[in-house]
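Enquirer: Structure file coords15.cif (mmCIF, N, CA and C atoms) is given on the next line.
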```cif
data_run
#
loop_
_atom_site.label_atom_id
_atom_site.label_comp_id
_atom_site.auth_asym_id
_atom_site.auth_seq_id
_atom_site.Cartn_x
_atom_site.Cartn_y
_atom_site.Cartn_z
N MET A 15 88.99 82.41 2.71
CA MET A 15 90.41 82.20 2.87
C MET A 15 90.82 82.69 4.26
N LYS A 16 91.54 81.84 4.92
CA LYS A 16 92.02 82.21 6.24
C LYS A 16 93.43 82.77 6.11
N LYS A 17 93.67 83.90 6.66
CA LYS A 17 95.00 84.48 6.62
C LYS A 17 95.22 85.30 7.87
N LEU A 18 96.31 85.08 8.50
CA LEU A 18 96.60 85.75 9.76
C LEU A 18 97.85 86.58 9.57
N VAL A 19 97.75 87.87 9.86
CA VAL A 19 98.90 88.75 9.74
C VAL A 19 99.47 88.97 11.14
N TRP A 20 100.67 88.60 11.29
CA TRP A 20 101.32 88.70 12.60
C TRP A 20 102.31 89.84 12.61
N CYS A 21 102.15 90.68 13.57
CA CYS A 21 103.17 91.69 13.81
C CYS A 21 104.12 91.09 14.83
N LEU A 22 105.22 90.61 14.34
CA LEU A 22 106.20 89.97 15.22
C LEU A 22 107.24 90.99 15.71
N LEU A 23 106.84 92.25 15.63
CA LEU A 23 107.76 93.30 16.02
C LEU A 23 108.24 93.12 17.45
N CYS A 24 107.32 92.93 18.36
CA CYS A 24 107.70 92.77 19.77
C CYS A 24 108.33 91.41 20.01
N LEU A 25 107.79 90.38 19.37
CA LEU A 25 108.31 89.04 19.54
C LEU A 25 109.72 88.93 18.97
N GLY A 26 110.01 89.71 17.92
CA GLY A 26 111.31 89.64 17.28
C GLY A 26 112.39 90.46 17.96
N LEU A 27 112.03 91.22 18.96
CA LEU A 27 113.00 92.03 19.69
C LEU A 27 113.74 91.11 20.64
N TYR A 28 114.99 90.89 20.39
CA TYR A 28 115.74 89.88 21.12
C TYR A 28 117.20 90.29 21.21
N THR A 29 117.80 90.09 22.35
CA THR A 29 119.22 90.37 22.51
C THR A 29 119.91 89.10 22.97
N ALA A 30 120.95 88.70 22.28
CA ALA A 30 121.62 87.44 22.57
C ALA A 30 123.03 87.69 23.10
N GLN A 31 123.16 88.05 24.34
CA GLN A 31 124.44 88.26 25.02
C GLN A 31 125.43 89.05 24.18
N GLY A 32 124.99 90.12 23.57
CA GLY A 32 125.88 90.97 22.80
C GLY A 32 126.24 90.44 21.42
N GLN A 33 125.76 89.27 21.07
CA GLN A 33 126.04 88.70 19.75
C GLN A 33 125.10 89.30 18.71
N ASN A 34 125.61 89.49 17.51
CA ASN A 34 124.76 89.98 16.43
C ASN A 34 123.83 88.89 15.94
N ILE A 35 122.58 89.26 15.72
CA ILE A 35 121.58 88.34 15.18
C ILE A 35 121.69 88.39 13.66
N VAL A 36 121.90 87.24 13.05
CA VAL A 36 122.11 87.20 11.61
C VAL A 36 120.98 86.50 10.86
N SER A 37 120.14 85.76 11.59
CA SER A 37 119.08 85.00 10.94
C SER A 37 117.93 84.78 11.92
N ALA A 38 116.73 84.59 11.36
CA ALA A 38 115.55 84.28 12.18
C ALA A 38 114.64 83.37 11.37
N GLU A 39 113.82 82.61 12.07
CA GLU A 39 112.88 81.72 11.41
C GLU A 39 111.64 81.58 12.27
N TYR A 40 110.53 81.15 11.64
CA TYR A 40 109.31 80.86 12.39
C TYR A 40 108.78 79.50 11.97
N PHE A 41 107.93 78.95 12.82
CA PHE A 41 107.21 77.72 12.48
C PHE A 41 105.87 77.74 13.20
N ILE A 42 104.94 76.95 12.70
CA ILE A 42 103.60 76.86 13.28
C ILE A 42 103.40 75.45 13.82
N ASP A 43 103.01 75.37 15.07
CA ASP A 43 102.63 74.14 15.77
C ASP A 43 103.77 73.15 16.03
N THR A 44 104.46 72.68 15.03
CA THR A 44 105.48 71.64 15.21
C THR A 44 106.87 72.19 14.91
N ASP A 45 107.79 72.02 15.85
CA ASP A 45 109.16 72.49 15.69
C ASP A 45 109.92 71.57 14.73
N PRO A 46 110.33 72.10 13.57
CA PRO A 46 111.06 71.27 12.61
C PRO A 46 112.55 71.14 12.95
N GLY A 47 112.99 71.83 14.00
CA GLY A 47 114.40 71.83 14.38
C GLY A 47 115.07 73.12 13.94
N PRO A 48 116.11 73.53 14.66
CA PRO A 48 116.81 74.77 14.33
C PRO A 48 117.32 74.78 12.89
N GLY A 49 117.02 75.86 12.18
CA GLY A 49 117.45 76.02 10.80
C GLY A 49 116.49 75.43 9.78
N ASN A 50 115.42 74.79 10.23
CA ASN A 50 114.48 74.15 9.32
C ASN A 50 113.12 74.84 9.25
N GLY A 51 112.97 75.97 9.93
CA GLY A 51 111.72 76.72 9.88
C GLY A 51 111.65 77.60 8.64
N THR A 52 110.63 78.44 8.58
CA THR A 52 110.48 79.39 7.47
C THR A 52 111.32 80.62 7.78
N ALA A 53 112.23 80.95 6.89
CA ALA A 53 113.18 82.05 7.10
C ALA A 53 112.47 83.41 7.15
N LEU A 54 112.98 84.29 7.99
CA LEU A 54 112.51 85.67 8.09
C LEU A 54 113.66 86.60 7.76
N ASN A 55 113.36 87.71 7.12
CA ASN A 55 114.38 88.71 6.79
C ASN A 55 114.62 89.59 8.01
N VAL A 56 115.84 89.57 8.55
CA VAL A 56 116.16 90.40 9.72
C VAL A 56 116.92 91.66 9.35
N GLY A 57 117.20 91.85 8.06
CA GLY A 57 117.92 93.05 7.63
C GLY A 57 119.39 92.95 8.01
N ALA A 58 119.97 94.07 8.39
CA ALA A 58 121.38 94.11 8.76
C ALA A 58 121.61 93.39 10.08
N SER A 59 122.76 92.75 10.19
CA SER A 59 123.14 92.05 11.42
C SER A 59 123.23 93.05 12.56
N SER A 60 122.58 92.72 13.68
CA SER A 60 122.54 93.63 14.82
C SER A 60 122.20 92.85 16.08
N THR A 61 122.45 93.46 17.25
CA THR A 61 122.06 92.83 18.52
C THR A 61 120.57 92.97 18.77
N THR A 62 119.90 93.86 18.04
CA THR A 62 118.45 94.04 18.15
C THR A 62 117.88 94.07 16.73
N VAL A 63 116.84 93.28 16.50
CA VAL A 63 116.20 93.29 15.19
C VAL A 63 114.70 93.51 15.36
N ASN A 64 114.11 94.20 14.41
CA ASN A 64 112.67 94.41 14.36
C ASN A 64 112.20 94.00 12.98
N PHE A 65 111.12 93.25 12.92
CA PHE A 65 110.59 92.86 11.63
C PHE A 65 109.11 92.55 11.76
N VAL A 66 108.46 92.57 10.61
CA VAL A 66 107.03 92.24 10.51
C VAL A 66 106.92 91.12 9.49
N ALA A 67 106.06 90.14 9.77
CA ALA A 67 105.90 89.01 8.85
C ALA A 67 104.43 88.71 8.65
N THR A 68 104.09 88.25 7.46
CA THR A 68 102.75 87.75 7.17
C THR A 68 102.84 86.23 7.17
N VAL A 69 102.07 85.60 8.04
CA VAL A 69 102.12 84.16 8.19
C VAL A 69 100.84 83.56 7.60
N PRO A 70 100.92 82.82 6.50
CA PRO A 70 99.72 82.23 5.90
C PRO A 70 99.15 81.11 6.78
N THR A 71 97.84 81.08 6.89
CA THR A 71 97.19 80.05 7.72
C THR A 71 96.13 79.27 6.95
N THR A 72 96.10 79.39 5.63
CA THR A 72 95.06 78.73 4.84
C THR A 72 95.05 77.22 4.99
N SER A 73 96.17 76.62 5.28
CA SER A 73 96.23 75.17 5.41
C SER A 73 95.93 74.67 6.82
N LEU A 74 95.70 75.58 7.76
CA LEU A 74 95.46 75.19 9.14
C LEU A 74 93.98 74.91 9.39
N SER A 75 93.71 73.95 10.23
CA SER A 75 92.33 73.62 10.60
C SER A 75 91.83 74.62 11.65
N ALA A 76 90.52 74.65 11.85
CA ALA A 76 89.95 75.50 12.91
C ALA A 76 90.44 74.98 14.25
N GLY A 77 90.68 75.90 15.17
CA GLY A 77 91.12 75.53 16.50
C GLY A 77 92.34 76.31 16.94
N PHE A 78 92.92 75.86 18.04
CA PHE A 78 94.09 76.54 18.61
C PHE A 78 95.37 76.08 17.92
N HIS A 79 96.28 77.02 17.71
CA HIS A 79 97.59 76.78 17.12
C HIS A 79 98.58 77.70 17.81
N PHE A 80 99.88 77.53 17.51
CA PHE A 80 100.85 78.50 17.97
C PHE A 80 101.87 78.78 16.88
N VAL A 81 102.39 79.99 16.91
CA VAL A 81 103.46 80.40 16.01
C VAL A 81 104.67 80.68 16.90
N ALA A 82 105.83 80.23 16.46
CA ALA A 82 107.05 80.40 17.24
C ALA A 82 108.15 80.99 16.36
N ILE A 83 109.07 81.69 16.99
CA ILE A 83 110.18 82.32 16.29
C ILE A 83 111.46 82.07 17.08
N ARG A 84 112.56 81.92 16.36
CA ARG A 84 113.87 81.83 17.01
C ARG A 84 114.90 82.53 16.13
N THR A 85 116.00 82.91 16.72
CA THR A 85 117.05 83.64 16.01
C THR A 85 118.39 82.91 16.13
N LYS A 86 119.28 83.25 15.19
CA LYS A 86 120.62 82.67 15.17
C LYS A 86 121.63 83.80 15.28
N ASP A 87 122.68 83.60 16.09
CA ASP A 87 123.69 84.65 16.26
C ASP A 87 124.84 84.48 15.27
N ALA A 88 125.78 85.42 15.32
CA ALA A 88 126.91 85.43 14.39
C ALA A 88 127.81 84.22 14.54
N ASP A 89 127.75 83.54 15.68
CA ASP A 89 128.55 82.32 15.89
C ASP A 89 127.85 81.08 15.35
N GLY A 90 126.66 81.25 14.75
CA GLY A 90 125.91 80.13 14.20
C GLY A 90 125.09 79.37 15.22
N LYS A 91 124.90 79.95 16.40
CA LYS A 91 124.14 79.28 17.46
C LYS A 91 122.68 79.76 17.44
N TRP A 92 121.74 78.80 17.38
CA TRP A 92 120.32 79.12 17.43
C TRP A 92 119.89 79.30 18.88
N GLY A 93 119.03 80.27 19.13
CA GLY A 93 118.48 80.48 20.46
C GLY A 93 117.24 79.63 20.67
N LEU A 94 116.67 79.75 21.86
CA LEU A 94 115.40 79.08 22.14
C LEU A 94 114.29 79.80 21.42
N PHE A 95 113.20 79.10 21.11
CA PHE A 95 112.10 79.76 20.42
C PHE A 95 111.15 80.40 21.42
N GLU A 96 110.45 81.42 20.97
CA GLU A 96 109.40 82.12 21.72
C GLU A 96 108.12 81.91 20.95
N SER A 97 107.05 81.51 21.62
CA SER A 97 105.81 81.22 20.89
C SER A 97 104.62 82.00 21.44
N ARG A 98 103.61 82.15 20.60
CA ARG A 98 102.34 82.80 20.94
C ARG A 98 101.21 81.97 20.35
N GLY A 99 100.16 81.79 21.12
CA GLY A 99 99.02 81.03 20.65
C GLY A 99 98.03 81.90 19.89
N PHE A 100 97.25 81.26 19.02
CA PHE A 100 96.18 81.95 18.31
C PHE A 100 95.09 80.93 17.98
N TYR A 101 93.92 81.43 17.63
CA TYR A 101 92.77 80.57 17.35
C TYR A 101 92.22 80.89 15.97
N ILE A 102 91.91 79.85 15.21
CA ILE A 102 91.27 79.99 13.90
C ILE A 102 89.84 79.49 14.03
N SER A 103 88.91 80.32 13.60
CA SER A 103 87.50 79.99 13.72
C SER A 103 86.91 79.65 12.34
N ASP A 104 85.97 78.70 12.34
CA ASP A 104 85.23 78.36 11.12
C ASP A 104 84.12 79.36 10.85
N ALA A 105 83.70 80.04 11.90
CA ALA A 105 82.53 80.94 11.80
C ALA A 105 82.81 82.12 10.88
N THR A 106 81.85 82.43 10.07
CA THR A 106 81.91 83.64 9.24
C THR A 106 80.66 84.47 9.52
N ILE A 107 80.81 85.75 9.44
CA ILE A 107 79.70 86.66 9.70
C ILE A 107 79.54 87.56 8.50
N ASN A 108 78.33 87.63 7.98
CA ASN A 108 78.03 88.53 6.87
C ASN A 108 77.54 89.85 7.44
N ALA A 109 78.28 90.88 7.19
CA ALA A 109 77.88 92.21 7.65
C ALA A 109 77.03 92.87 6.57
N THR A 110 75.85 93.35 6.96
CA THR A 110 75.00 94.03 5.99
C THR A 110 74.77 95.45 6.41
#
```
Show the structure stored in the file as structure tokens.
Expert:
Amino acid sequence: MKKLVWCLLCLGLYTAQGQNIVSAEYFIDTDPGPGNGTALNVGASSTTVNFVATVPTTSLSAGFHFVAIRTKDADGKWGLFESRGFYISDATINAT
């Protein structure tokens, strides 16, 4: 089973011109459009949010992919997404 745990703590640190961040979402590889990604819990509304997410990768093929995150402010405006690349390998190693 392939599973990738992402610490989006640093990626989720975002300030939007003094506006409170009320929502966040992530997506893998293809942008579904603002508001259509997988929702993330940002806790209380604030100008700075920190969170950790577990992103399942079992359905992804071997190779390069990217995960992206974006946030929405109190005015309902979505920001630009920030992405990071990662690689999934088919290789397995048996440790003895």
Enquirer: What residues come out when you apply the PyMOL selection byres ((chain A and resi 55) around 8) to this file, written as an mmCIF file with N, CA and C atoms, in the coordinates of the input?
Expert:
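The resulting file, selection10.cif, is reproduced below:
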```
data_model
loop_
_atom_site.group_PDB
_atom_site.id
_atom_site.type_symbol
_atom_site.label_atom_id
_atom_site.label_comp_id
_atom_site.auth_asym_id
_atom_site.auth_seq_id
_atom_site.Cartn_x
_atom_site.Cartn_y
_atom_site.Cartn_z
ATOM 1 N N VAL A 36 121.900 87.240 13.050
ATOM 2 C CA VAL A 36 122.110 87.200 11.610
ATOM 3 C C VAL A 36 120.980 86.500 10.860
ATOM 4 N N SER A 37 120.140 85.760 11.590
ATOM 5 C CA SER A 37 119.080 85.000 10.940
ATOM 6 C C SER A 37 117.930 84.780 11.920
ATOM 7 N N ALA A 38 116.730 84.590 11.360
ATOM 8 C CA ALA A 38 115.550 84.280 12.180
ATOM 9 C C ALA A 38 114.640 83.370 11.370
ATOM 10 N N GLU A 39 113.820 82.610 12.070
ATOM 11 C CA GLU A 39 112.880 81.720 11.410
ATOM 12 C C GLU A 39 111.640 81.580 12.270
ATOM 13 N N THR A 52 110.630 78.440 8.580
ATOM 14 C CA THR A 52 110.480 79.390 7.470
ATOM 15 C C THR A 52 111.320 80.620 7.780
ATOM 16 N N ALA A 53 112.230 80.950 6.890
ATOM 17 C CA ALA A 53 113.180 82.050 7.100
ATOM 18 C C ALA A 53 112.470 83.410 7.150
ATOM 19 N N LEU A 54 112.980 84.290 7.990
ATOM 20 C CA LEU A 54 112.510 85.670 8.090
ATOM 21 C C LEU A 54 113.660 86.600 7.760
ATOM 22 N N VAL A 56 115.840 89.570 8.550
ATOM 23 C CA VAL A 56 116.160 90.400 9.720
ATOM 24 C C VAL A 56 116.920 91.660 9.350
ATOM 25 N N GLY A 57 117.200 91.850 8.060
ATOM 26 C CA GLY A 57 117.920 93.050 7.630
ATOM 27 C C GLY A 57 119.390 92.950 8.010
ATOM 28 N N ALA A 58 119.970 94.070 8.390
ATOM 29 C CA ALA A 58 121.380 94.110 8.760
ATOM 30 C C ALA A 58 121.610 93.390 10.080
ATOM 31 N N ASN A 64 114.110 94.200 14.410
ATOM 32 C CA ASN A 64 112.670 94.410 14.360
ATOM 33 C C ASN A 64 112.200 94.000 12.980
ATOM 34 N N PHE A 65 111.120 93.250 12.920
ATOM 35 C CA PHE A 65 110.590 92.860 11.630
ATOM 36 C C PHE A 65 109.110 92.550 11.760
ATOM 37 N N VAL A 66 108.460 92.570 10.610
ATOM 38 C CA VAL A 66 107.030 92.240 10.510
ATOM 39 C C VAL A 66 106.920 91.120 9.490
ATOM 40 N N ALA A 67 106.060 90.140 9.770
ATOM 41 C CA ALA A 67 105.900 89.010 8.850
ATOM 42 C C ALA A 67 104.430 88.710 8.650
#
```
Enquirer: Rounded to one decimal in Å, what is the spacing between CA of Ser103 (chain A) and CA of Phe80 (chain A)?
Expert: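 Computing the Euclidean distance for CA of Ser103 (chain A) and CA of Phe80 (chain A) yields 14.1 Å.
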Enquirer: Expand the PyMOL selection byres ((chain A and resi 87) around 8) into the individual residues it matches in the shown file, reporting them as a VMD selection string.
Expert: chain A and resid 30 33 to 38 84 to 86 88 to 93
Enquirer: Using atom C of Thr71 (chain A) and atom C of Gly49 (chain A) as the two end points, give the distance in Å to one decimal.
Expert: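 Result for atom C of Thr71 (chain A) versus atom C of Gly49 (chain A): 20.9 Å, one decimal.
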Enquirer: Have a look at atom N of Phe41 (chain A) and atom N of Ala82 (chain A) and let me know their distance in Å, one decimal.
Expert: 4.4 Å
Enquirer: Please write as an mmCIF file with N, CA and C atoms, in the coordinates of the input the full residue list that the PyMOL selection byres ((chain A and resi 81) around 6.5) yields on this file.
Expert:
```
data_model
loop_
_atom_site.group_PDB
_atom_site.id
_atom_site.type_symbol
_atom_site.label_atom_id
_atom_site.label_comp_id
_atom_site.auth_asym_id
_atom_site.auth_seq_id
_atom_site.Cartn_x
_atom_site.Cartn_y
_atom_site.Cartn_z
ATOM 1 N N TYR A 40 110.530 81.150 11.640
ATOM 2 C CA TYR A 40 109.310 80.860 12.390
ATOM 3 C C TYR A 40 108.780 79.500 11.970
ATOM 4 N N PHE A 41 107.930 78.950 12.820
ATOM 5 C CA PHE A 41 107.210 77.720 12.480
ATOM 6 C C PHE A 41 105.870 77.740 13.200
ATOM 7 N N ILE A 42 104.940 76.950 12.700
ATOM 8 C CA ILE A 42 103.600 76.860 13.280
ATOM 9 C C ILE A 42 103.400 75.450 13.820
ATOM 10 N N ASP A 43 103.010 75.370 15.070
ATOM 11 C CA ASP A 43 102.630 74.140 15.770
ATOM 12 C C ASP A 43 103.770 73.150 16.030
ATOM 13 N N HIS A 79 96.280 77.020 17.710
ATOM 14 C CA HIS A 79 97.590 76.780 17.120
ATOM 15 C C HIS A 79 98.580 77.700 17.810
ATOM 16 N N PHE A 80 99.880 77.530 17.510
ATOM 17 C CA PHE A 80 100.850 78.500 17.970
ATOM 18 C C PHE A 80 101.870 78.780 16.880
ATOM 19 N N ALA A 82 105.830 80.230 16.460
ATOM 20 C CA ALA A 82 107.050 80.400 17.240
ATOM 21 C C ALA A 82 108.150 80.990 16.360
ATOM 22 N N ILE A 83 109.070 81.690 16.990
ATOM 23 C CA ILE A 83 110.180 82.320 16.290
ATOM 24 C C ILE A 83 111.460 82.070 17.080
ATOM 25 N N GLU A 96 110.450 81.420 20.970
ATOM 26 C CA GLU A 96 109.400 82.120 21.720
ATOM 27 C C GLU A 96 108.120 81.910 20.950
ATOM 28 N N SER A 97 107.050 81.510 21.620
ATOM 29 C CA SER A 97 105.810 81.220 20.890
ATOM 30 C C SER A 97 104.620 82.000 21.440
ATOM 31 N N ARG A 98 103.610 82.150 20.600
ATOM 32 C CA ARG A 98 102.340 82.800 20.940
ATOM 33 C C ARG A 98 101.210 81.970 20.350
ATOM 34 N N GLY A 99 100.160 81.790 21.120
ATOM 35 C CA GLY A 99 99.020 81.030 20.650
ATOM 36 C C GLY A 99 98.030 81.900 19.890
ATOM 37 N N PHE A 100 97.250 81.260 19.020
ATOM 38 C CA PHE A 100 96.180 81.950 18.310
ATOM 39 C C PHE A 100 95.090 80.930 17.980
#
```
Enquirer: Looking at only C-alpha atoms, which of A:Phe95, A:Asp104, A:Thr62, A:Pro48 is the one that sits closest to Ser75 (chain A)?
Expert: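 Closest to Ser75 (chain A) of all the choices is A:Asp104.
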Enquirer: Got a moment to write region 42-67 of chain A out with N, CA, C and O atoms, as a tab-separated table (two decimals), in the first residue's frame?
Expert:
```tsv
chain	number	residue	atom	x	y	z
A	42	ILE	N	-4.27	16.81	-5.89
A	42	ILE	CA	-3.09	16.13	-6.43
A	42	ILE	C	-3.15	16.16	-7.95
A	42	ILE	O	-4.17	15.79	-8.54
A	43	ASP	N	-2.09	16.64	-8.55
A	43	ASP	CA	-1.87	16.65	-10.00
A	43	ASP	C	-2.78	17.59	-10.80
A	43	ASP	O	-2.30	18.43	-11.53
A	44	THR	N	-4.08	17.44	-10.73
A	44	THR	CA	-4.99	18.23	-11.57
A	44	THR	C	-5.83	19.17	-10.71
A	44	THR	O	-6.49	18.73	-9.77
A	45	ASP	N	-5.82	20.45	-11.06
A	45	ASP	CA	-6.58	21.46	-10.33
A	45	ASP	C	-8.07	21.33	-10.68
A	45	ASP	O	-8.45	21.54	-11.83
A	46	PRO	N	-8.90	20.98	-9.69
A	46	PRO	CA	-10.34	20.86	-9.96
A	46	PRO	C	-11.06	22.20	-9.94
A	46	PRO	O	-12.26	22.27	-10.17
A	47	GLY	N	-10.34	23.27	-9.63
A	47	GLY	CA	-10.94	24.60	-9.52
A	47	GLY	C	-11.15	24.98	-8.06
A	47	GLY	O	-11.31	24.12	-7.20
A	48	PRO	N	-11.12	26.28	-7.77
A	48	PRO	CA	-11.29	26.74	-6.39
A	48	PRO	C	-12.57	26.24	-5.76
A	48	PRO	O	-13.64	26.30	-6.37
A	49	GLY	N	-12.45	25.68	-4.56
A	49	GLY	CA	-13.59	25.15	-3.83
A	49	GLY	C	-13.94	23.71	-4.15
A	49	GLY	O	-14.82	23.14	-3.54
A	50	ASN	N	-13.22	23.11	-5.09
A	50	ASN	CA	-13.53	21.74	-5.50
A	50	ASN	C	-12.47	20.72	-5.09
A	50	ASN	O	-12.56	19.56	-5.47
A	51	GLY	N	-11.46	21.15	-4.34
A	51	GLY	CA	-10.43	20.24	-3.86
A	51	GLY	C	-10.89	19.51	-2.61
A	51	GLY	O	-12.04	19.61	-2.19
A	52	THR	N	-9.97	18.77	-2.00
A	52	THR	CA	-10.26	18.06	-0.74
A	52	THR	C	-10.07	19.03	0.41
A	52	THR	O	-9.00	19.61	0.58
A	53	ALA	N	-11.11	19.21	1.20
A	53	ALA	CA	-11.10	20.19	2.30
A	53	ALA	C	-10.10	19.82	3.39
A	53	ALA	O	-9.90	18.64	3.68
A	54	LEU	N	-9.48	20.84	3.96
A	54	LEU	CA	-8.58	20.69	5.10
A	54	LEU	C	-9.14	21.47	6.28
A	54	LEU	O	-9.73	22.54	6.09
A	55	ASN	N	-8.95	20.96	7.48
A	55	ASN	CA	-9.40	21.64	8.68
A	55	ASN	C	-8.36	22.69	9.08
A	55	ASN	O	-7.24	22.34	9.39
A	56	VAL	N	-8.75	23.96	9.08
A	56	VAL	CA	-7.82	25.03	9.45
A	56	VAL	C	-8.04	25.52	10.87
A	56	VAL	O	-7.34	26.41	11.33
A	57	GLY	N	-9.01	24.95	11.57
A	57	GLY	CA	-9.27	25.37	12.95
A	57	GLY	C	-9.95	26.73	12.98
A	57	GLY	O	-10.74	27.07	12.10
A	58	ALA	N	-9.60	27.53	13.96
A	58	ALA	CA	-10.20	28.86	14.11
A	58	ALA	C	-9.72	29.79	13.00
A	58	ALA	O	-8.59	29.70	12.55
A	59	SER	N	-10.60	30.67	12.57
A	59	SER	CA	-10.27	31.65	11.55
A	59	SER	C	-9.15	32.56	12.05
A	59	SER	O	-9.20	33.08	13.14
A	60	SER	N	-8.12	32.72	11.22
A	60	SER	CA	-6.96	33.51	11.62
A	60	SER	C	-6.19	33.95	10.38
A	60	SER	O	-6.40	33.42	9.29
A	61	THR	N	-5.30	34.94	10.54
A	61	THR	CA	-4.45	35.37	9.42
A	61	THR	C	-3.31	34.39	9.20
A	61	THR	O	-2.67	34.42	8.16
A	62	THR	N	-3.04	33.52	10.16
A	62	THR	CA	-2.02	32.48	10.03
A	62	THR	C	-2.61	31.16	10.48
A	62	THR	O	-3.22	31.09	11.54
A	63	VAL	N	-2.46	30.13	9.67
A	63	VAL	CA	-2.95	28.81	10.05
A	63	VAL	C	-1.84	27.79	9.92
A	63	VAL	O	-0.97	27.90	9.06
A	64	ASN	N	-1.85	26.81	10.80
A	64	ASN	CA	-0.92	25.69	10.76
A	64	ASN	C	-1.74	24.41	10.82
A	64	ASN	O	-2.65	24.31	11.63
A	65	PHE	N	-1.41	23.47	9.97
A	65	PHE	CA	-2.13	22.21	10.00
A	65	PHE	C	-1.26	21.11	9.41
A	65	PHE	O	-0.29	21.36	8.71
A	66	VAL	N	-1.63	19.89	9.74
A	66	VAL	CA	-0.96	18.69	9.22
A	66	VAL	C	-2.03	17.84	8.56
A	66	VAL	O	-3.14	17.72	9.09
A	67	ALA	N	-1.71	17.26	7.41
A	67	ALA	CA	-2.68	16.43	6.70
A	67	ALA	C	-2.04	15.14	6.24
A	67	ALA	O	-0.86	15.10	5.94
```
